[in-house]
file input_21.txt (compact mmCIF, C-alpha atoms)
# COMPACT_ATOMS: atom_id res chain seq x y z
CA MET A 1 12.46 -12.33 -2.79
CA VAL A 2 9.14 -14.18 -3.01
CA VAL A 3 6.30 -11.99 -4.29
CA ALA A 4 2.62 -12.58 -5.00
CA ASP A 5 3.06 -11.02 -8.45
CA LEU A 6 5.88 -9.36 -10.35
CA PRO A 7 5.79 -5.54 -10.01
CA LEU A 8 5.67 -4.94 -13.75
CA ALA A 9 2.77 -2.52 -13.29
CA VAL A 10 1.85 -0.60 -10.15
CA ARG A 11 -1.85 -1.11 -9.44
CA SER A 12 -1.86 -0.77 -5.66
CA GLY A 13 0.18 0.18 -2.63
CA ALA A 14 1.28 -3.46 -2.38
CA SER A 15 2.68 -3.56 -5.92
CA HIS A 16 4.35 -0.17 -5.38
CA ARG A 17 5.99 -1.56 -2.24
CA VAL A 18 7.31 -4.60 -4.10
CA ARG A 19 8.73 -2.45 -6.89
CA VAL A 20 10.62 -0.01 -4.64
CA LEU A 21 11.79 -2.84 -2.37
CA THR A 22 13.11 -4.70 -5.42
CA ARG A 23 15.09 -1.64 -6.44
CA ALA A 24 16.49 -1.11 -2.95
CA LEU A 25 17.46 -4.77 -2.51
CA GLY A 26 19.16 -4.69 -5.91
CA LEU A 27 21.47 -1.94 -4.69
CA ALA A 28 22.57 -4.03 -1.69
CA ALA A 29 22.73 -7.61 -2.99
CA ASP A 30 22.19 -9.93 -5.93
CA VAL A 31 18.45 -10.57 -6.05
CA HIS A 32 16.36 -13.36 -7.55
CA LEU A 33 12.67 -12.48 -7.81
CA HIS A 34 10.15 -15.34 -7.71
CA SER A 35 6.45 -14.71 -8.39
CA ILE A 36 3.69 -16.99 -7.11
CA CYS A 37 1.48 -15.80 -9.96
CA LYS A 38 2.29 -17.16 -13.39
CA ARG A 39 3.91 -14.53 -15.60
CA SER A 40 6.01 -14.39 -18.75
CA VAL A 41 9.65 -13.81 -17.77
CA ASP A 42 11.33 -13.78 -21.16
CA GLY A 43 14.46 -11.64 -21.29
CA PRO A 44 16.46 -10.14 -18.45
CA PRO A 45 14.75 -8.59 -15.40
CA PRO A 46 14.21 -4.83 -15.84
CA TRP A 47 15.66 -3.88 -12.44
CA ALA A 48 19.31 -3.27 -11.60
CA GLY A 49 20.71 -5.87 -9.22
CA VAL A 50 18.01 -8.44 -10.04
CA VAL A 51 20.09 -11.26 -11.51
CA GLY A 52 17.21 -13.63 -12.15
CA TRP A 53 13.47 -14.02 -12.06
CA SER A 54 11.03 -16.90 -12.16
CA THR A 55 7.34 -17.61 -11.66
CA SER A 56 4.96 -20.41 -10.90
CA SER A 57 4.05 -22.61 -13.85
CA SER A 58 0.51 -23.18 -12.59
CA PRO A 59 -2.22 -21.73 -14.86
CA ALA A 60 -4.48 -21.68 -11.80
CA LEU A 61 -2.37 -18.82 -10.41
CA GLY A 62 -2.74 -16.30 -13.20
CA PRO A 63 -2.06 -12.62 -12.51
CA VAL A 64 -5.74 -11.60 -12.53
CA ARG A 65 -6.77 -13.85 -9.63
CA PRO A 66 -7.19 -11.84 -6.41
CA VAL A 67 -6.55 -13.21 -2.95
CA GLY A 68 -9.85 -14.19 -1.36
CA SER A 69 -11.64 -14.83 -4.67
CA ASP A 70 -12.58 -18.31 -3.41
CA THR A 71 -14.42 -18.98 -0.13
CA ALA A 72 -13.27 -22.60 0.31
CA TRP A 73 -11.01 -21.42 3.14
CA VAL A 74 -14.07 -20.82 5.35
CA ARG A 75 -14.86 -24.54 5.53
CA ASN A 76 -11.36 -25.31 6.82
CA PRO A 77 -11.19 -24.37 10.53
CA HIS A 78 -7.57 -23.34 10.03
CA GLY A 79 -8.12 -21.73 6.63
CA HIS A 80 -7.43 -18.15 5.59
CA PRO A 81 -8.31 -16.14 2.43
CA SER A 82 -4.64 -16.13 1.37
CA ASP A 83 -4.80 -19.92 1.04
CA ASP A 84 -6.21 -19.27 -2.44
CA TRP A 85 -2.56 -18.85 -3.45
CA LEU A 86 -1.48 -22.31 -2.27
CA ASP A 87 -0.96 -24.62 -5.24
CA PRO A 88 1.06 -27.89 -5.33
CA SER A 89 2.85 -27.06 -8.57
CA ALA A 90 3.66 -23.57 -7.29
CA VAL A 91 5.17 -25.17 -4.18
CA ALA A 92 7.36 -27.37 -6.39
CA ASP A 93 8.37 -24.38 -8.54
CA LEU A 94 9.37 -22.33 -5.50
CA ARG A 95 11.30 -25.23 -3.99
CA GLN A 96 13.20 -25.66 -7.27
CA THR A 97 13.97 -21.94 -7.48
CA ILE A 98 15.30 -21.84 -3.92
CA GLY A 99 17.41 -24.93 -4.56
CA GLY A 100 18.90 -23.36 -7.66
CA CYS A 101 19.66 -20.00 -6.03
CA GLY A 102 20.96 -21.10 -2.64
CA PRO A 103 19.98 -17.76 -1.05
CA ASP A 104 21.41 -16.39 2.19
CA VAL A 105 18.23 -14.38 2.86
CA ILE A 106 14.67 -14.89 1.61
CA VAL A 107 12.27 -11.94 1.81
CA LEU A 108 8.58 -12.81 1.78
CA ALA A 109 6.99 -9.72 0.23
CA GLY A 110 3.68 -9.17 1.96
CA PHE A 111 1.35 -11.31 4.03
CA ALA A 112 -0.33 -12.81 0.93
CA THR A 113 2.76 -15.00 0.42
CA ASN A 114 2.34 -16.68 3.83
CA PRO A 115 0.96 -19.99 2.45
CA TYR A 116 4.49 -20.65 1.12
CA LEU A 117 6.22 -20.03 4.45
CA GLU A 118 6.82 -23.72 5.13
CA VAL A 119 8.69 -24.15 1.84
CA VAL A 120 10.80 -21.08 2.57
CA LEU A 121 11.65 -22.23 6.10
CA GLU A 122 12.94 -25.55 4.70
CA SER A 123 15.73 -23.69 2.91
CA GLY A 124 17.78 -22.87 5.99
CA ALA A 125 18.11 -19.26 4.79
CA VAL A 126 17.36 -16.27 7.01
CA VAL A 127 13.66 -15.53 6.41
CA VAL A 128 12.32 -11.97 6.52
CA LEU A 129 8.64 -11.04 6.33
CA ASP A 130 8.20 -7.65 4.68
CA HIS A 131 4.97 -6.77 6.46
CA GLN A 132 3.04 -3.95 4.82
CA ASN A 133 0.26 -3.80 7.45
CA VAL A 134 -0.68 -5.12 10.85
CA GLU A 135 -3.05 -7.45 9.05
CA ALA A 136 -5.28 -8.43 11.98
CA ASP A 137 -5.87 -4.79 12.96
CA LEU A 138 -6.68 -3.97 9.34
CA ALA A 139 -9.09 -6.90 9.02
CA ASP A 140 -10.89 -5.83 12.21
CA GLU A 141 -11.33 -2.28 10.89
CA ILE A 142 -12.54 -3.41 7.46
CA ALA A 143 -15.13 -5.68 9.10
CA ALA A 144 -16.41 -2.69 11.07
CA LEU A 145 -16.94 -0.63 7.89
CA ASP A 146 -19.69 -2.83 6.47
CA ASP A 147 -23.26 -3.25 7.70
CA ALA A 148 -24.40 -5.83 5.12
CA ALA A 149 -24.94 -8.99 7.18
CA PRO A 150 -23.42 -11.63 4.83
CA ARG A 151 -20.30 -9.55 4.20
CA VAL A 152 -19.94 -8.63 7.87
CA MET A 153 -20.00 -12.28 8.91
CA MET A 154 -17.42 -13.24 6.28
CA ARG A 155 -15.16 -10.33 7.18
CA ARG A 156 -15.40 -11.10 10.89
CA VAL A 157 -14.38 -14.70 10.27
CA ALA A 158 -11.53 -13.46 8.06
CA ALA A 159 -10.41 -11.08 10.81
CA GLN A 160 -10.35 -13.86 13.41
CA ARG A 161 -8.43 -16.20 11.12
CA THR A 162 -6.03 -13.42 10.17
CA ALA A 163 -5.08 -12.83 13.80
CA VAL A 164 -4.30 -16.52 14.29
CA ARG A 165 -2.34 -16.81 11.03
CA GLU A 166 -0.44 -13.56 11.52
CA ALA A 167 0.64 -14.59 15.02
CA ALA A 168 2.03 -17.86 13.67
CA VAL A 169 3.84 -16.23 10.75
CA VAL A 170 5.58 -13.45 12.71
CA ALA A 171 6.71 -16.03 15.27
CA ALA A 172 8.13 -18.38 12.61
CA VAL A 173 10.26 -15.94 10.58
CA ASP A 174 13.68 -14.66 11.62
CA ARG A 175 12.94 -10.95 11.19
CA VAL A 176 10.02 -8.69 10.32
CA TRP A 177 10.27 -5.48 8.31
CA ALA A 178 7.50 -3.03 9.28
CA VAL A 179 6.71 0.13 7.33
CA SER A 180 6.64 2.40 10.38
CA SER A 181 7.59 2.56 14.04
CA LEU A 182 3.86 2.59 14.83
CA ASP A 183 3.28 -0.70 13.02
CA ALA A 184 6.33 -2.20 14.73
CA GLN A 185 4.94 -1.21 18.13
CA ARG A 186 1.48 -2.55 17.29
CA LEU A 187 2.87 -5.90 16.15
CA VAL A 188 4.93 -6.35 19.30
CA ALA A 189 2.04 -5.29 21.54
CA ARG A 190 -0.55 -7.48 19.82
CA TYR A 191 1.49 -10.68 19.62
CA ARG A 192 4.05 -10.19 22.41
CA MET A 193 6.50 -11.35 19.78
CA SER A 194 10.21 -11.87 20.29
CA THR A 195 11.02 -11.78 16.56
CA PRO A 196 13.18 -8.71 15.83
CA VAL A 197 11.37 -5.94 13.93
CA ASP A 198 13.14 -3.40 11.69
CA VAL A 199 11.49 -0.28 10.26
CA VAL A 200 11.77 -0.23 6.46
CA PRO A 201 9.58 2.70 5.39
CA ASN A 202 7.27 3.15 2.46
CA VAL A 203 8.70 5.73 0.07
CA VAL A 204 7.96 7.45 -3.22
CA ASP A 205 9.41 5.81 -6.31
CA ARG A 206 10.87 9.04 -7.68
CA LEU A 207 10.67 12.70 -6.76
CA PRO A 208 9.07 14.95 -9.41
CA ALA A 209 11.26 17.85 -10.45
CA ASP A 210 10.06 21.35 -9.48
CA PRO A 211 6.33 20.74 -8.88
CA LEU A 212 4.13 23.83 -9.01
CA ALA A 213 3.23 25.55 -5.75
CA PRO A 214 -0.54 25.60 -5.00
CA SER A 215 -0.73 29.35 -5.71
CA ARG A 216 0.34 28.69 -9.33
CA ARG A 217 -2.30 26.04 -10.02
CA ARG A 218 -5.38 27.22 -11.82
CA ALA A 219 -8.61 25.19 -12.12
CA PRO A 220 -9.71 23.74 -8.75
CA MET A 221 -9.33 19.96 -8.97
CA VAL A 222 -9.64 17.50 -6.09
CA LEU A 223 -7.74 14.23 -6.61
CA PHE A 224 -8.19 10.94 -4.76
CA PRO A 225 -5.76 8.35 -6.18
CA ALA A 226 -6.36 4.85 -4.86
CA SER A 227 -6.63 1.14 -5.52
CA TYR A 228 -10.38 0.62 -5.42
CA GLY A 229 -10.12 -3.09 -4.77
CA PHE A 230 -9.40 -2.05 -1.17
CA ALA A 231 -12.58 -1.57 0.88
CA PRO A 232 -11.43 1.49 2.92
CA ASN A 233 -10.70 3.37 -0.32
CA VAL A 234 -14.18 2.65 -1.66
CA ASP A 235 -15.66 3.81 1.65
CA ALA A 236 -13.71 7.08 1.35
CA ALA A 237 -14.69 7.55 -2.30
CA ARG A 238 -18.40 7.18 -1.50
CA TRP A 239 -18.16 9.98 1.04
CA LEU A 240 -16.22 12.22 -1.35
CA LEU A 241 -18.85 11.75 -4.06
CA ASP A 242 -21.97 11.93 -1.95
CA ARG A 243 -21.09 14.66 0.51
CA PHE A 244 -17.72 16.36 0.11
CA LEU A 245 -17.94 17.36 -3.56
CA PRO A 246 -21.52 18.73 -3.34
CA GLU A 247 -20.59 20.81 -0.27
CA LEU A 248 -17.37 22.07 -1.87
CA SER A 249 -19.19 22.99 -5.07
CA MET A 250 -21.33 25.50 -3.17
CA ASP A 251 -18.23 27.56 -2.32
CA ILE A 252 -15.74 26.83 -5.12
CA THR A 253 -17.03 27.43 -8.64
CA GLY A 254 -16.07 24.78 -11.17
CA VAL A 255 -14.39 22.43 -8.71
CA SER A 256 -13.99 18.86 -9.96
CA LEU A 257 -13.24 15.53 -8.28
CA VAL A 258 -11.11 12.84 -9.93
CA LEU A 259 -11.13 9.31 -8.54
CA ALA A 260 -8.09 7.76 -10.20
CA GLY A 261 -6.90 4.19 -9.80
CA SER A 262 -7.42 0.53 -10.51
CA ASP A 263 -10.52 -1.62 -10.02
CA PRO A 264 -13.24 1.00 -9.43
CA PRO A 265 -16.49 -0.83 -8.59
CA ALA A 266 -19.65 -0.26 -10.59
CA GLU A 267 -21.27 1.57 -7.68
CA LEU A 268 -18.73 4.40 -8.03
CA ILE A 269 -18.83 4.54 -11.82
CA GLU A 270 -22.63 4.58 -11.90
CA ARG A 271 -23.09 7.38 -9.36
CA ARG A 272 -22.56 10.07 -12.04
CA ILE A 273 -22.18 12.98 -9.62
CA PRO A 274 -21.82 16.34 -11.46
CA GLY A 275 -18.17 17.40 -11.54
CA ALA A 276 -16.85 13.93 -10.67
CA SER A 277 -14.98 11.47 -12.87
CA VAL A 278 -13.78 7.91 -12.29
CA THR A 279 -10.78 7.17 -14.49
CA GLY A 280 -9.83 3.57 -13.76
CA SER A 281 -6.15 2.68 -13.98
CA VAL A 282 -3.85 5.53 -14.99
CA ALA A 283 -0.40 4.70 -16.37
CA ASP A 284 1.13 7.95 -15.14
CA LEU A 285 -0.48 9.90 -12.31
CA GLY A 286 2.10 12.69 -12.61
CA PRO A 287 -0.06 15.06 -14.70
CA LEU A 288 -3.00 14.64 -12.31
CA PHE A 289 -0.80 15.32 -9.28
CA GLY A 290 0.64 18.31 -11.13
CA SER A 291 -2.82 19.84 -11.63
CA ALA A 292 -4.50 18.92 -8.35
CA THR A 293 -5.31 21.70 -5.89
CA LEU A 294 -6.29 19.33 -3.07
CA MET A 295 -5.85 15.67 -2.20
CA PRO A 296 -8.39 14.48 0.40
CA VAL A 297 -7.76 11.14 2.12
CA PRO A 298 -10.78 10.60 4.43
CA LEU A 299 -9.89 7.08 5.56
CA ARG A 300 -11.72 5.44 8.45
CA ALA A 301 -9.72 2.20 8.33
CA GLY A 302 -6.22 1.15 7.41
CA SER A 303 -2.81 0.02 8.57
CA GLY A 304 0.70 0.51 7.27
CA THR A 305 1.36 3.94 5.79
CA ARG A 306 -0.41 5.64 2.89
CA ILE A 307 1.83 5.91 -0.17
CA LYS A 308 -0.75 8.19 -1.80
CA ILE A 309 -0.11 10.80 0.91
CA LEU A 310 3.64 10.64 0.33
CA GLU A 311 3.08 11.07 -3.40
CA GLY A 312 0.80 14.04 -2.80
CA LEU A 313 3.40 15.69 -0.56
CA ALA A 314 6.14 14.98 -3.10
CA HIS A 315 4.09 16.76 -5.80
CA ARG A 316 3.27 19.69 -3.46
CA VAL A 317 -0.46 18.96 -3.47
CA PRO A 318 -2.23 20.22 -0.33
CA VAL A 319 -3.27 17.08 1.55
CA MET A 320 -6.19 16.78 3.96
CA THR A 321 -6.64 13.54 5.87
CA THR A 322 -7.80 11.91 9.08
CA ALA A 323 -5.52 10.78 11.89
CA LYS A 324 -6.06 7.23 10.62
CA GLY A 325 -5.09 8.31 7.12
CA CYS A 326 -1.66 9.61 8.12
CA ALA A 327 -0.97 7.14 10.95
CA GLY A 328 2.65 6.01 11.00
CA LEU A 329 3.94 8.95 8.96
CA ASP A 330 6.16 11.57 10.59
CA VAL A 331 3.83 14.43 9.70
CA GLU A 332 2.41 17.31 11.72
CA ASP A 333 -1.01 18.91 11.34
CA GLY A 334 -0.74 22.40 9.86
CA VAL A 335 2.94 21.97 9.05
CA HIS A 336 2.98 19.28 6.34
CA LEU A 337 -0.76 18.68 5.78
CA VAL A 338 -4.17 19.15 7.37
CA VAL A 339 -5.40 16.49 9.81
CA GLU A 340 -9.14 16.66 10.53
CA ASP A 341 -11.18 13.82 12.04
CA ASP A 342 -14.48 15.74 12.11
CA LEU A 343 -15.76 15.30 8.57
CA ASP A 344 -18.28 18.09 9.17
CA ASN A 345 -15.34 20.52 9.03
CA TRP A 346 -13.79 19.20 5.83
CA SER A 347 -15.44 21.44 3.26
CA ARG A 348 -14.72 24.56 5.34
CA ARG A 349 -11.04 23.68 5.69
CA ALA A 350 -10.79 22.71 2.02
CA VAL A 351 -12.19 26.10 0.99
CA ALA A 352 -9.60 27.81 3.20
CA LEU A 353 -6.78 25.90 1.50
CA HIS A 354 -8.00 27.16 -1.87
CA ARG A 355 -8.41 30.78 -0.71
CA TYR A 356 -5.28 31.23 1.38
CA THR A 357 -2.79 29.84 -1.09
CA SER A 358 0.25 31.44 0.58
CA GLU A 359 -0.38 29.20 3.61
CA ALA A 360 -0.85 26.22 1.32
CA ASP A 361 2.44 27.10 -0.41
CA LEU A 362 4.33 27.00 2.89
CA MET A 363 2.66 23.77 3.99
CA THR A 364 3.37 21.94 0.74
CA GLN A 365 6.96 23.18 0.73
CA ALA A 366 7.43 21.59 4.17
CA GLY A 367 5.70 18.41 3.00
CA ARG A 368 7.97 18.11 -0.01
CA LEU A 369 11.07 18.60 2.16
CA LEU A 370 9.87 15.89 4.56
CA VAL A 371 9.58 13.39 1.70
CA GLU A 372 13.04 14.30 0.42
CA GLN A 373 14.54 13.73 3.86
CA LYS A 374 12.65 10.67 5.14
CA TYR A 375 10.59 9.01 2.41
CA SER A 376 12.83 8.88 -0.66
CA MET A 377 14.50 5.90 -2.35
CA GLU A 378 17.70 6.89 -0.56
CA ALA A 379 15.98 6.45 2.81
CA LEU A 380 14.59 3.06 1.78
CA SER A 381 17.94 1.87 0.41
CA LEU A 382 19.66 2.74 3.69
CA ALA A 383 17.00 0.92 5.73
CA VAL A 384 17.19 -2.17 3.50
CA ALA A 385 21.00 -2.28 3.64
CA THR A 386 20.86 -2.01 7.43
CA GLY A 387 18.18 -4.69 7.60
CA LEU A 388 20.25 -7.10 5.50
CA GLU A 389 23.31 -6.50 7.65
CA ARG A 390 21.28 -7.42 10.72
CA CYS A 391 20.05 -10.59 9.00
CA LEU A 392 23.60 -11.78 8.40
CA SER A 393 25.28 -10.58 11.59
call {"tool": "encode", "arguments": {"input": "input_21.txt", "output": "structure tokens"}}
result
Amino acid sequence: MVVADLPLAVRSGASHRVRVLTRALGLAADVHLHSICKRSVDGPPPWAGVVGWSTSSSPALGPVRPVGSDTAWVRNPHGHPSDDWLDPSAVADLRQTIGGCGPDVIVLAGFATNPYLEVVLESGAVVVLDHQNVEADLADEIAALDDAAPRVMMRRVAAQRTAVREAAVVAAVDRVWAVSSLDAQRLVARYRMSTPVDVVPNVVDRLPADPLAPSRRRAPMVLFPASYGFAPNVDAARWLLDRFLPELSMDITGVSLVLAGSDPPAELIERRIPGASVTGSVADLGPLFGSATLMPVPLRAGSGTRIKILEGLAHRVPVMTTAKGCAGLDVEDGVHLVVEDDLDNWSRRAVALHRYTSEADLMTQAGRLLVEQKYSMEALSLAVATGLERCLS
């Protein structure tokens, strides 16, 4: 499996996806993990079934360098932000790793690895793109979020280039793994592609044992866990700070809002809204999930499926989101969570969830059961095993 970075720490949905996919692949086959970013790989890999690991030797591809940190791609008419990852020594390292492993199947983990597709195709192995989003749709939606002219222009160019690059990549690989049936349908419809698509869902890493029902939780605490390097999450956090928390505070005494996750921008940290805190990266979100009385996910843009929603359901936190926020998940409004697209109604419905805790108890019980049945490691392992069988049949 070729990854942008080793999943030694989970800082985002993408790194979570790589970690759980590594575990699932390790149950079905011998796996060699190769990272485009340079990392220290002393000692054995810490995942069962991973028989080897390697990384690029290029110091230019250190783990702190984000995709799109350079704008040189704009000047190339065929360039894309992910081309930041393309490095001659990294190409040589990957070619050497593939030659030493002789793999039957190569999984490209995420669209960010696409600059190395040509090297992977040379191998003669079956090539699978594990596609975590419909990238062109996501780029279009992110461009629409911003009204600052320089950023809008850059994001629109990125969206156009993404559509061209994504079309070429999904046509070149042997199979695509999508995270939901919805994403699979959108890919096929957008690109009229003939490449087979398998659904390999996002899942929770582990199920917490016996989480408290909402009626047994005490201090009202609203939790929004996210990777804040992702523009739609910052957009949602602004709204939670500027509007949702002040409105909620008028009806729920002592309510607090916790924005937990990596890479919070200065604009969120410096807002200093009473009752709100911005934690930065949290090694273990379990205690926060265990105390939260509501998890709002007011997303206006996104693709793939939201792992944060699955984690909230697994911990029996009442979840409120938009239709966009829960797109691709097999959830039902009022049964597993609350779906509300009119943000004017959010504070009213949030107050109701805090007051009528017996209803919240039933809803979160159903949400937890859904995760156990469809979004657990067992479900992912079965999907991965089936996907590998199809690759080799």
call {"tool": "residues_around", "arguments": {"input": "input_21.txt", "residues": "stretch 284-296 of chain A", "least_positions_apart": "3", "cutoff": "7 Å", "atoms": "all atoms listed in the file", "output": "list in words"}}
result
Pro211, Leu212, Pro214, Arg217, Pro220, Met221, Val222, Leu223, Phe224, Gly312, His315, Val317, Pro318, Val319, Met320 and Thr321 of chain A
call {"tool": "closest_residue", "arguments": {"input": "input_21.txt", "among": "A:Val204, A:Val31, A:Ile98, A:Leu259", "to": "A:Val371", "atoms": "only C-alpha atoms"}}
result
A:Val204
call {"tool": "atom_distance", "arguments": {"input": "input_21.txt", "atom1": "atom CA of A:Gly254", "atom2": "atom CA of A:Ser277"}}
result
13.5 Å
call {"tool": "atom_distance", "arguments": {"input": "input_21.txt", "atom1": "atom CA of A:Ile273", "atom2": "atom CA of A:Met250"}}
result
14.1 Å
call {"tool": "atom_distance", "arguments": {"input": "input_21.txt", "atom1": "atom CA of A:Glu135", "atom2": "atom CA of A:Pro264"}}
result
22.7 Å
call {"tool": "axis_aligned_box", "arguments": {"input": "input_21.txt", "around": "stretch 260-270 of chain A", "padding_each_side": "4 Å", "output": "AutoDock Vina command-line options"}}
result
--center_x -14.8 --center_y 3.1 --center_z -9.8 --size_x 23.7 --size_y 17.4 --size_z 12.2
call {"tool": "closest_residue", "arguments": {"input": "input_21.txt", "among": "A:Asp104, A:Asp83, A:Asp235, A:Asp130", "to": "A:Tyr116", "atoms": "only C-alpha atoms"}}
result
A:Asp83
call {"tool": "closest_residue", "arguments": {"input": "input_21.txt", "among": "A:Glu166, A:Ser15, A:Ala28, A:Val255", "to": "A:Thr386", "atoms": "all atoms listed in the file"}}
result
A:Ala28
call {"tool": "residues_around", "arguments": {"input": "input_21.txt", "residues": "A:Ala189", "least_positions_apart": "5", "cutoff": "12 Å", "atoms": "all atoms listed in the file", "output": "PDB file with C-alpha atoms, in the coordinates of the input"}}
result
ATOM      1  CA  VAL A 134      -0.680  -5.120  10.850  1.00  0.00           C
ATOM      2  CA  ASP A 137      -5.870  -4.790  12.960  1.00  0.00           C
ATOM      3  CA  ALA A 167       0.640 -14.590  15.020  1.00  0.00           C
ATOM      4  CA  LEU A 182       3.860   2.590  14.830  1.00  0.00           C
ATOM      5  CA  ASP A 183       3.280  -0.700  13.020  1.00  0.00           C
ATOM      6  CA  ALA A 184       6.330  -2.200  14.730  1.00  0.00           C
ATOM      7  CA  SER A 194      10.210 -11.870  20.290  1.00  0.00           C
TER       8      SER A 194
END
call {"tool": "closest_residue", "arguments": {"input": "input_21.txt", "among": "A:His34, A:Arg349, A:Arg19, A:Lys374", "to": "A:Leu337", "atoms": "only C-alpha atoms"}}
result
A:Arg349
call {"tool": "residues_near_point", "arguments": {"input": "input_21.txt", "point": "(20.9, -21.2, -4.1)", "cutoff": "12 Å", "atoms": "all atoms listed in the file", "output": "PyMOL selection string"}}
result
chain A and resi 30-32+52+94-106+123-125
call {"tool": "closest_residue", "arguments": {"input": "input_21.txt", "among": "A:Leu382, A:Met377, A:Arg390, A:Ser215", "to": "A:Asp361", "atoms": "all atoms listed in the file"}}
result
A:Ser215
call {"tool": "closest_residue", "arguments": {"input": "input_21.txt", "among": "A:Ile307, A:Ala226, A:Asp198, A:Ser249", "to": "A:Ser281", "atoms": "only C-alpha atoms"}}
result
A:Ala226
call {"tool": "residues_around", "arguments": {"input": "input_21.txt", "residues": "A:Leu299", "least_positions_apart": "2", "cutoff": "12 Å", "atoms": "only C-alpha atoms", "output": "number ranges by chain"}}
result
A: 141-142, 145, 224, 226, 230-240, 296-297, 301-303, 305-306, 308-309, 320-327, 339-343
call {"tool": "build_atoms", "arguments": {"input": "input_21.txt", "residues": "stretch 10-25 of chain A", "atoms": "N, CA and C atoms", "output": "PDB file, keeping the file's coordinate frame"}}
result
ATOM      1  N   VAL A  10       2.263  -0.978 -11.500  1.00  0.00           N
ATOM      2  CA  VAL A  10       1.850  -0.600 -10.150  1.00  0.00           C
ATOM      3  C   VAL A  10       0.356  -0.338 -10.152  1.00  0.00           C
ATOM      4  N   ARG A  11      -0.389  -1.226  -9.505  1.00  0.00           N
ATOM      5  CA  ARG A  11      -1.850  -1.110  -9.440  1.00  0.00           C
ATOM      6  C   ARG A  11      -2.340  -0.836  -8.033  1.00  0.00           C
ATOM      7  N   SER A  12      -1.441  -0.909  -7.055  1.00  0.00           N
ATOM      8  CA  SER A  12      -1.860  -0.770  -5.660  1.00  0.00           C
ATOM      9  C   SER A  12      -0.654  -0.400  -4.822  1.00  0.00           C
ATOM     10  N   GLY A  13      -0.916  -0.080  -3.543  1.00  0.00           N
ATOM     11  CA  GLY A  13       0.180   0.180  -2.630  1.00  0.00           C
ATOM     12  C   GLY A  13       1.082  -1.030  -2.476  1.00  0.00           C
ATOM     13  N   ALA A  14       0.480  -2.239  -2.520  1.00  0.00           N
ATOM     14  CA  ALA A  14       1.280  -3.460  -2.380  1.00  0.00           C
ATOM     15  C   ALA A  14       2.247  -3.632  -3.536  1.00  0.00           C
ATOM     16  N   SER A  15       1.785  -3.407  -4.768  1.00  0.00           N
ATOM     17  CA  SER A  15       2.680  -3.560  -5.920  1.00  0.00           C
ATOM     18  C   SER A  15       3.727  -2.453  -5.952  1.00  0.00           C
ATOM     19  N   HIS A  16       3.364  -1.249  -5.506  1.00  0.00           N
ATOM     20  CA  HIS A  16       4.350  -0.170  -5.380  1.00  0.00           C
ATOM     21  C   HIS A  16       5.435  -0.576  -4.390  1.00  0.00           C
ATOM     22  N   ARG A  17       5.025  -1.135  -3.261  1.00  0.00           N
ATOM     23  CA  ARG A  17       5.990  -1.560  -2.240  1.00  0.00           C
ATOM     24  C   ARG A  17       6.956  -2.597  -2.801  1.00  0.00           C
ATOM     25  N   VAL A  18       6.444  -3.571  -3.529  1.00  0.00           N
ATOM     26  CA  VAL A  18       7.310  -4.600  -4.100  1.00  0.00           C
ATOM     27  C   VAL A  18       8.299  -3.992  -5.084  1.00  0.00           C
ATOM     28  N   ARG A  19       7.832  -3.046  -5.891  1.00  0.00           N
ATOM     29  CA  ARG A  19       8.730  -2.450  -6.890  1.00  0.00           C
ATOM     30  C   ARG A  19       9.864  -1.671  -6.224  1.00  0.00           C
ATOM     31  N   VAL A  20       9.550  -0.813  -5.259  1.00  0.00           N
ATOM     32  CA  VAL A  20      10.620  -0.010  -4.640  1.00  0.00           C
ATOM     33  C   VAL A  20      11.527  -0.893  -3.793  1.00  0.00           C
ATOM     34  N   LEU A  21      10.961  -1.928  -3.167  1.00  0.00           N
ATOM     35  CA  LEU A  21      11.790  -2.840  -2.370  1.00  0.00           C
ATOM     36  C   LEU A  21      12.729  -3.626  -3.277  1.00  0.00           C
ATOM     37  N   THR A  22      12.251  -4.019  -4.445  1.00  0.00           N
ATOM     38  CA  THR A  22      13.110  -4.700  -5.420  1.00  0.00           C
ATOM     39  C   THR A  22      14.289  -3.820  -5.802  1.00  0.00           C
ATOM     40  N   ARG A  23      14.015  -2.559  -6.067  1.00  0.00           N
ATOM     41  CA  ARG A  23      15.090  -1.640  -6.440  1.00  0.00           C
ATOM     42  C   ARG A  23      16.094  -1.468  -5.306  1.00  0.00           C
ATOM     43  N   ALA A  24      15.598  -1.320  -4.086  1.00  0.00           N
ATOM     44  CA  ALA A  24      16.490  -1.110  -2.950  1.00  0.00           C
ATOM     45  C   ALA A  24      17.323  -2.355  -2.653  1.00  0.00           C
ATOM     46  N   LEU A  25      16.715  -3.531  -2.727  1.00  0.00           N
ATOM     47  CA  LEU A  25      17.460  -4.770  -2.510  1.00  0.00           C
ATOM     48  C   LEU A  25      18.531  -4.947  -3.580  1.00  0.00           C
TER      49      LEU A  25
END
